[in-house]
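Enquirer: Dropping the structure in here first, questions after.
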Amino acid sequence: KRMRSSSGGESVLGRVTQGRFSENDKVEIISNEPGFSDAWATATVVSAGKDGCYVEYSKFVDGSGKQLREKVSHERMRHVPLFPASFNVSAGLRVEGYLNDCWWPGEVVEQHPKKGLRLSFDDGDSAWLGRRNVRPMLRCAPKRLHGTDVWQVPAAAQLPPPQRPAHP
């Protein structure tokens, strides 16, 4: 059931929405800060507005140890994406690796059964990461679904559908 809230947004079961983001949504924010450029950090929407949202970061704190909050434009935000439980990994595949509390863009350089995946990040650094800390890089699809950007896993990372055995 949808209702209009006093703040002008819609309320869906007690959640106030402004555009495509709502209070308490789990989101990722792309950074434009030096040293964190193009990294995605997780946050929760504290309040939603027409020109942006106030968010509270999950892993970042201010000088007094409180969760860092800031106003962020919608263009720098996306809902926390859903990823396949497994995906094809090969050298050269564009991925995001979780390191230092952010998801960083890069590509797979090599695989090792014990070390995991060695990534070369876009900023020039490289690191070995466990498979659980690597996800396919998403790209924004050219269409929107119900007013929200659609993020897709690239075809190269998608697993083929399971094959049914042939019956004689």
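Lettering and numbering for the structure tokens are positional, with chains as A, B, ... in the shown order, residues counted from 1 in each chain, and ligands counted from 1 in the shown order.
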Within 6 Å of range 76-84 of chain A, counting only C-alpha atoms, which residues show up once you throw out same-chain ones fewer than 5 positions away? Write them as a list in words, please.

Expert: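 Final neighbour list, sorted by chain and number: Lys26, Val27, Glu28, Ile29 and Ile30 of chain A.
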
Enquirer: As a PyMOL selection string, please: every residue in range 87-131 of chain A that DSSP puts in strand (DSSP E).

Expert: chain A and resi 94-99+102-112+116-121+126-129

Enquirer: Could you tell me which of A:Lys71, A:His112, A:Arg135, A:Arg118 comes closest to Cys53 in chain A if we count only C-alpha atoms?

Expert: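 Closest to Cys53 in chain A of all the choices is A:Lys71.
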
Enquirer: Could you tell me which of A:Gly124, A:Pro34, A:Pro136, A:Gly49 comes closest to Asn88 in chain A if we count only C-alpha atoms?

Expert: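 Residue with the minimum atom-to-atom distance to Asn88 in chain A: A:Pro136.
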
Enquirer: Rounded to one decimal, what separation in Å do you get between CA of Asn100 in chain A and CA of Thr42 in chain A?

Expert: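 We find that CA of Asn100 in chain A and CA of Thr42 in chain A lie 12.0 Å from each other.
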
Enquirer: Would you mind reading off the distance between CA of Gly65 in chain A and CA of Ala48 in chain A, one decimal, in Å?

Expert: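 Atom-to-atom, CA of Gly65 in chain A and CA of Ala48 in chain A are spaced 24.1 Å apart.
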
Enquirer: Let me make sure I understand: among A:Val89, A:Cys102, A:Val95, A:Ala127, which one has the smallest atom-to-atom distance to Trp40 in chain A if we use only C-alpha atoms?

Expert: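 Once distances to Trp40 in chain A are computed over only C-alpha atoms, the minimum belongs to A:Cys102.
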
Enquirer: Counting only C-alpha atoms, figure out which residue out of A:Tyr54, A:Gln67, A:Trp103, A:Asn133 gets nearest to Gly116 in chain A.

Expert: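 Of the candidates, the smallest distance to Gly116 in chain A is held by A:Asn133.
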
Enquirer: With distances taken over only C-alpha atoms, which of A:Gly97, A:Gly92, A:Asp122, A:Asn24 is nearest to Glu110 in chain A?

Expert: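 The closest residue to Glu110 in chain A is A:Gly92.
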
Enquirer: Would you list the contacts of Asp125 in chain A as a PyMOL selection string, taking every protein, DNA or RNA residue within 12 Å and counting only C-alpha atoms, but skipping same-chain residues closer than 4 positions in sequence?

Expert: chain A and resi 35+97+99+104-107+109+118-121

Enquirer: Based on the selection just made, write N, CA and C atoms of those residues as a compact mmCIF listing (two decimals), in the first residue's frame.

Expert:
# COMPACT_ATOMS: atom_id res chain seq x y z
N GLY A 35 42.57 9.12 -3.58
CA GLY A 35 42.95 7.86 -2.95
C GLY A 35 41.84 6.84 -2.88
N GLY A 97 37.17 -5.92 -6.37
CA GLY A 97 37.77 -6.62 -5.25
C GLY A 97 37.58 -5.84 -3.97
N LEU A 99 38.73 -4.59 -0.59
CA LEU A 99 40.00 -4.34 0.08
C LEU A 99 39.89 -2.99 0.77
N TRP A 104 36.86 -2.17 -5.13
CA TRP A 104 37.72 -1.45 -6.07
C TRP A 104 37.68 -2.12 -7.44
N PRO A 105 37.65 -1.33 -8.53
CA PRO A 105 37.64 -1.91 -9.87
C PRO A 105 39.02 -2.42 -10.28
N GLY A 106 39.01 -3.51 -11.01
CA GLY A 106 40.26 -4.07 -11.50
C GLY A 106 39.99 -5.25 -12.42
N GLU A 107 41.02 -6.07 -12.61
CA GLU A 107 40.83 -7.27 -13.42
C GLU A 107 41.65 -8.41 -12.85
N VAL A 109 44.25 -11.22 -12.79
CA VAL A 109 45.54 -11.45 -13.45
C VAL A 109 45.86 -12.94 -13.45
N ARG A 118 44.59 -13.13 -7.99
CA ARG A 118 45.43 -11.93 -7.97
C ARG A 118 44.78 -10.91 -8.89
N LEU A 119 44.49 -9.75 -8.33
CA LEU A 119 43.84 -8.69 -9.09
C LEU A 119 44.82 -7.56 -9.34
N SER A 120 44.69 -6.96 -10.49
CA SER A 120 45.38 -5.72 -10.80
C SER A 120 44.31 -4.64 -10.79
N PHE A 121 44.43 -3.73 -9.82
CA PHE A 121 43.42 -2.68 -9.68
C PHE A 121 43.69 -1.54 -10.63
